[in-house]
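Below is one structure; the comments refer to it alone.
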Amino acid sequence: MGEYRDGTRCVRAGLPEPVPGEPFLPGPVLAAPYHLDPWRGPEAAANGYGRPDNPTRRLLEAAIGELEGGDCRVFASGQAAITGLLLALLRPGDTVLLPTDGYFPVRAFATDTLAGIGVHVRFVPTAGPYPSLDGVRLVLVETPANPGLDVVDVVELAARAHAAGALVAVDNTTATPLGQRPLDLGADLVVASGTKALTGHSDLLLGYVATRSAELLDPLVSWRTLTGAVPGAFDAWLAHRSLATLDLRLGRQTGNAEAVARALAGRADVAGLRWPGLPADPAYPVASAQMRRVPGVLSFDLGSADRVARFLDAARLVNAATSFGGLHTTADRRAQWGDDTAPGFVRLSCGVEDAADLVADIVTALDAAGPA
């Protein structure tokens with residue numbers, strides 16, 4: 001489907017060949033056991049047991065794989081996908097580089113679990129500078145980083161890593177495969193939470209890993225099968241249904257983020273504004289060259305936790321909630337979740353409301369919140 005544009009690819013991704021009388025997207029197959037051939041057993045058919053085998057899940061994997069440009073396997077959540085990747089590919093004595101400013105549960109998992117089994121864990125800011133990669137087994141980056149929104153040049157980093165014999169995995173949660181395709185940029189693996197903008201309706205948990213290497217995919221599939229970290233069939237079906245509107249949703253979210261960012265850029269009571277689509281943003285030079293579109297997430301500092309609470313209380317179109325990428329505009333104070341951020345640091349995820357309404361509501365709520 002590479003010859004088609006984003007909207008067409010999203011609508012058609014992973015659909016079976018049309019059959020008269022059948023739906024465009026078959027309903028979920030809610031099965032644990034399947035009928036087996038009495039003589040040949042599971043070798044006779046694609047479906048043997050629901051944990052490793054499910055046709056609804058395979059259709060979703062085909063769809064995401066088409067968008068990412070690789071072979072995809074889905075997991076029960078984004079955290080299941082990224083921890084599965086780390087545990088399946090790393091061994092005691094290996095060294096892994098992780099972002100200091102990425103998703104905080106990954107850092108916690110690395111220090112609590114990976115280090116405990118003998119993996120050497122090193123941290124580096126997304127924007128660098130990166131140390132020598134000699135002796136490193138895996139470099140994991142999140143770009144744009146969550147929640148600080150720094151960006152790394154994947155092409156340059158992948159070239160350095162491969163020259164040193166290291167693998168590169170890119171967390172593509174914030175960007176989605178319509179924002180960038182890390183496998184095209186030289187990454188060996190893509191990992192992401194499909195809970196967020198990819199599915200975008202705030203009604204399921206999902207993660208995935210994609211790669212073009214069978215050598216890397218095989219241990220991940222084995223890990224998923226043995227641990228049972230699979231999504232249910234109904235969640236897989238909901239996710240596939242939601243992919244059809246991805247291009248439309250991202251278009252509105254990006255437009256809203258730009259409008260909000262421009263409105264906030266002129267306010268003296270908003271500090272540390274970050275959105276990689278603004279020419280003044282430190283990440284803009286790399287993001288504008290590397291990304292096909294900038295996500296609908298921005299961050300800023302309101303000075304204190306109390307002022308954030310007053311802002312959220314006053315807003316009518318901004319819901320206080322964690323996660324991001326959904327239809328509804330949300331915001332949360334990241335320090336309360338464990339991120340190493342200032343008390344007044346806010347991550348705001350733009351939904352698909354009308355831009356003028358959203359900007360007016362945010363400006364009014366900030367005025368009502370008063371000083372820090």
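Chain labels run A, B, ... following the order of the structure tokens; each chain numbers its residues from 1, and ligands are numbered from 1 in the order shown.
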* Asked: Please, which residues of range 44-261 of chain A, numbered as in this document, come out alpha helix (DSSP H) from DSSP, as a PyMOL selection string?
  -> chain A and resi 55-68+78-89+104-109+154-163+214-227+233-243+246-261
* To do: Would you kindly return, as a PyMOL selection string, each protein, DNA or RNA residue with an atom no farther than 7 Å from any atom of Leu98 in chain A, considering only C-alpha atoms and excluding same-chain residues fewer than 5 positions away?
  => chain A and resi 122-124+139-141
* Atomic separation - CA of Gly266 in chain A relative to CA of Ala280 in chain A, Å -> 12.4 Å
* Running DSSP on the backbone, which parts of range 116-252 of chain A land in strand (DSSP E), as a PyMOL selection string? -> chain A and resi 120-124+138-142+167-171+189-193+207-211
Store the residues of this selection in a file with C-alpha atoms, as an mmCIF file, in the first residue's frame.
data_model
loop_
_atom_site.group_PDB
_atom_site.id
_atom_site.type_symbol
_atom_site.label_atom_id
_atom_site.label_comp_id
_atom_site.auth_asym_id
_atom_site.auth_seq_id
_atom_site.Cartn_x
_atom_site.Cartn_y
_atom_site.Cartn_z
ATOM 1 C CA HIS A 120 24.012 -2.690 32.604
ATOM 2 C CA VAL A 121 21.620 0.259 32.339
ATOM 3 C CA ARG A 122 22.812 3.678 31.219
ATOM 4 C CA PHE A 123 20.722 6.792 30.736
ATOM 5 C CA VAL A 124 21.167 9.646 28.271
ATOM 6 C CA LEU A 138 20.651 -1.817 22.487
ATOM 7 C CA VAL A 139 19.861 1.889 22.272
ATOM 8 C CA LEU A 140 16.231 2.720 23.034
ATOM 9 C CA VAL A 141 15.012 6.226 22.242
ATOM 10 C CA GLU A 142 11.617 7.880 22.491
ATOM 11 C CA LEU A 167 20.705 -2.241 17.845
ATOM 12 C CA VAL A 168 18.337 0.757 17.817
ATOM 13 C CA ALA A 169 14.725 0.650 18.980
ATOM 14 C CA VAL A 170 12.490 3.709 18.651
ATOM 15 C CA ASP A 171 9.435 4.311 20.800
ATOM 16 C CA LEU A 189 12.766 -2.060 15.890
ATOM 17 C CA VAL A 190 9.751 0.119 16.584
ATOM 18 C CA VAL A 191 7.848 -0.148 19.835
ATOM 19 C CA ALA A 192 4.774 1.847 20.803
ATOM 20 C CA SER A 193 1.709 2.160 22.929
ATOM 21 C CA GLY A 207 1.110 -2.126 22.529
ATOM 22 C CA TYR A 208 3.131 -3.361 19.581
ATOM 23 C CA VAL A 209 6.607 -4.070 18.277
ATOM 24 C CA ALA A 210 7.517 -3.961 14.581
ATOM 25 C CA THR A 211 10.714 -4.931 12.789
#
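Going from CA of Arg249 in chain A to CA of Leu327 in chain A covers 7.5 Å.
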* Leaving out Ser299 in chain A and any residue of its chain fewer than 2 positions from it, which residues lie within 6 Å of it when counting only C-alpha atoms, given as an NGL selection string? -> :A and (273-274 or 346-348)
* Counting only C-alpha atoms, what is within 8 Å of range 312-321 of chain A, bar same-chain residues fewer than 3 positions away, as a PyMOL selection string? -> chain A and resi 308-309+328-332+358+361-362+364-366+368-369
Dump C-alpha atoms for the selected residues as an mmCIF file, in the first residue's frame?
data_model
loop_
_atom_site.group_PDB
_atom_site.id
_atom_site.type_symbol
_atom_site.label_atom_id
_atom_site.label_comp_id
_atom_site.auth_asym_id
_atom_site.auth_seq_id
_atom_site.Cartn_x
_atom_site.Cartn_y
_atom_site.Cartn_z
ATOM 1 C CA VAL A 308 -2.329 23.876 37.451
ATOM 2 C CA ALA A 309 -5.282 22.752 39.581
ATOM 3 C CA HIS A 328 -10.879 14.868 23.980
ATOM 4 C CA THR A 329 -8.333 17.474 25.014
ATOM 5 C CA THR A 330 -6.648 16.407 28.259
ATOM 6 C CA ALA A 331 -3.950 17.745 30.523
ATOM 7 C CA ASP A 332 -2.117 16.499 33.571
ATOM 8 C CA LEU A 358 -10.278 25.179 22.372
ATOM 9 C CA ASP A 361 -11.290 27.983 26.597
ATOM 10 C CA ILE A 362 -7.600 27.580 27.446
ATOM 11 C CA THR A 364 -10.019 31.946 29.634
ATOM 12 C CA ALA A 365 -8.989 29.208 32.068
ATOM 13 C CA LEU A 366 -5.448 30.581 32.325
ATOM 14 C CA ALA A 368 -9.064 32.600 35.735
ATOM 15 C CA ALA A 369 -6.205 30.616 37.292
#
Can you list, as a compact mmCIF listing (two decimals) with N, CA, C and O atoms, in the first residue's frame, every protein, DNA or RNA residue that comes within 9 Å of Gly135 in chain A when you count only C-alpha atoms, leaving out same-chain residues fewer than 6 positions away?
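Heads up, here's the output in part13.txt:
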# COMPACT_ATOMS: atom_id res chain seq x y z
N ASP A 94 24.81 -7.55 29.11
CA ASP A 94 24.54 -6.59 28.04
C ASP A 94 24.40 -5.19 28.61
O ASP A 94 24.05 -5.00 29.79
N THR A 95 24.63 -4.20 27.74
CA THR A 95 24.44 -2.79 28.11
C THR A 95 23.33 -2.20 27.27
O THR A 95 23.29 -2.39 26.05
N ALA A 164 28.88 0.68 15.74
CA ALA A 164 29.41 0.12 17.00
C ALA A 164 28.86 -1.27 17.29
O ALA A 164 29.18 -1.85 18.34
N GLY A 165 28.00 -1.80 16.41
CA GLY A 165 27.44 -3.12 16.62
C GLY A 165 26.21 -3.15 17.51
O GLY A 165 25.84 -4.22 18.02
N ALA A 166 25.57 -2.00 17.72
CA ALA A 166 24.41 -1.92 18.60
C ALA A 166 23.11 -1.89 17.79
O ALA A 166 23.09 -1.46 16.62
* Of the candidates A:Asp37, A:Asp134, A:Glu3, A:Asp101, which one gets nearest to Asn146 in chain A if we count only C-alpha atoms? ->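 Residue with the minimum atom-to-atom distance to Asn146 in chain A: A:Asp101.
For the atom pair formed by CA of Gly179 in chain A and CA of Gly148 in chain A, the distance is 17.3 Å, given to one decimal.
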* **Selected residue of minimal separation from Cys350 in chain A among A:Asn172, A:Thr322, A:Gln253, A:Asn54, counting only C-alpha atoms** => A:Gln253
* To do: Identify which of the residues A:Val19, A:Ala305, A:Leu90, A:Ala360 lies closest to Ala342 in chain A, counting only C-alpha atoms when measuring atom-to-atom distances.
  => A:Ala305
* To do: Counting only C-alpha atoms, figure out which residue out of A:Ala372, A:Ala127, A:Ala45, A:Leu206 gets nearest to Gly344 in chain A.
  =>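 Under the stated criterion, the closest residue is A:Ala372.
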* Identify, on the basis of only C-alpha atoms, every residue whose closest approach to range 225-229 of chain A does not exceed 10 Å; exclude the query and any residue fewer than 6 positions from it along the same chain; express the result as a list of chain:residue names. =>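 Once the nearby chain positions are removed, what remains is A:Gly50, A:Arg51, A:Pro52, A:Asp53, A:Val74, A:Phe75, A:Ala76, A:Ser77, A:Ala80, A:Ala81, A:Gly84, A:Gly207, A:Pro219.
The protein and nucleic acid residues lying at most 7 Å from Val152 in chain A are Thr126, Ala127, Thr143, Asp150 and Val154 of chain A, with only C-alpha atoms considered and sequence neighbours fewer than 2 positions away removed.
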Would you mind exporting C-alpha atoms of the selected residues as a PDB file, in the first residue's frame?
ATOM      1  CA  THR A 126      16.951  12.266  24.178  1.00  0.00           C
ATOM      2  CA  ALA A 127      18.607  15.320  22.665  1.00  0.00           C
ATOM      3  CA  THR A 143      11.176  10.641  19.943  1.00  0.00           C
ATOM      4  CA  ASP A 150      12.794  16.585  22.697  1.00  0.00           C
ATOM      5  CA  VAL A 154      17.272   8.766  14.226  1.00  0.00           C
TER       6      VAL A 154
END
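Using only C-alpha atoms, the nearest neighbour of Arg241 in chain A within the list A:Thr199, A:Gly118, A:Pro276, A:Pro33 is A:Thr199.
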Kindly provide the residues of range 199-256 of chain A that approach range 56-71 of chain A to within 7 Å, each paired with its closest atom pair and their distance in Å to one decimal, based on only C-alpha atoms, listed by chain and increasing number, as JSON lines.
{"residue": "A:Ala210", "atom": "CA", "partner": "A:Asp71", "partner_atom": "CA", "distance": 5.2}
{"residue": "A:Thr211", "atom": "CA", "partner": "A:Gly70", "partner_atom": "CA", "distance": 5.0}
{"residue": "A:Arg212", "atom": "CA", "partner": "A:Gly70", "partner_atom": "CA", "distance": 5.0}
{"residue": "A:Ala233", "atom": "CA", "partner": "A:Thr56", "partner_atom": "CA", "distance": 6.0}
{"residue": "A:Ala236", "atom": "CA", "partner": "A:Arg57", "partner_atom": "CA", "distance": 5.6}
{"residue": "A:Trp237", "atom": "CA", "partner": "A:Thr56", "partner_atom": "CA", "distance": 6.2}
{"residue": "A:His240", "atom": "CA", "partner": "A:Leu60", "partner_atom": "CA", "distance": 5.4}
Write out the residues from the selection above, keeping C-alpha atoms, as a PDB file, in the first residue's frame.
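Result written to result.pdb:
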ATOM      1  CA  ALA A 210       7.517  -3.961  14.581  1.00  0.00           C
ATOM      2  CA  THR A 211      10.714  -4.931  12.789  1.00  0.00           C
ATOM      3  CA  ARG A 212      12.008  -6.065   9.406  1.00  0.00           C
ATOM      4  CA  ALA A 233      -9.758 -10.171  20.554  1.00  0.00           C
ATOM      5  CA  ALA A 236      -7.751  -5.911  18.820  1.00  0.00           C
ATOM      6  CA  TRP A 237     -10.947  -5.425  16.818  1.00  0.00           C
ATOM      7  CA  HIS A 240      -8.345  -2.004  13.960  1.00  0.00           C
TER       8      HIS A 240
END
* Asked: Which is closer to Leu89 in chain A than all the others in A:Leu25, A:Leu216, A:Ala108, A:Ala44, using only C-alpha atoms?
  ->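 Checking each of A:Leu25, A:Leu216, A:Ala108, A:Ala44 against Leu89 in chain A, counting only C-alpha atoms, the winner is A:Leu216.
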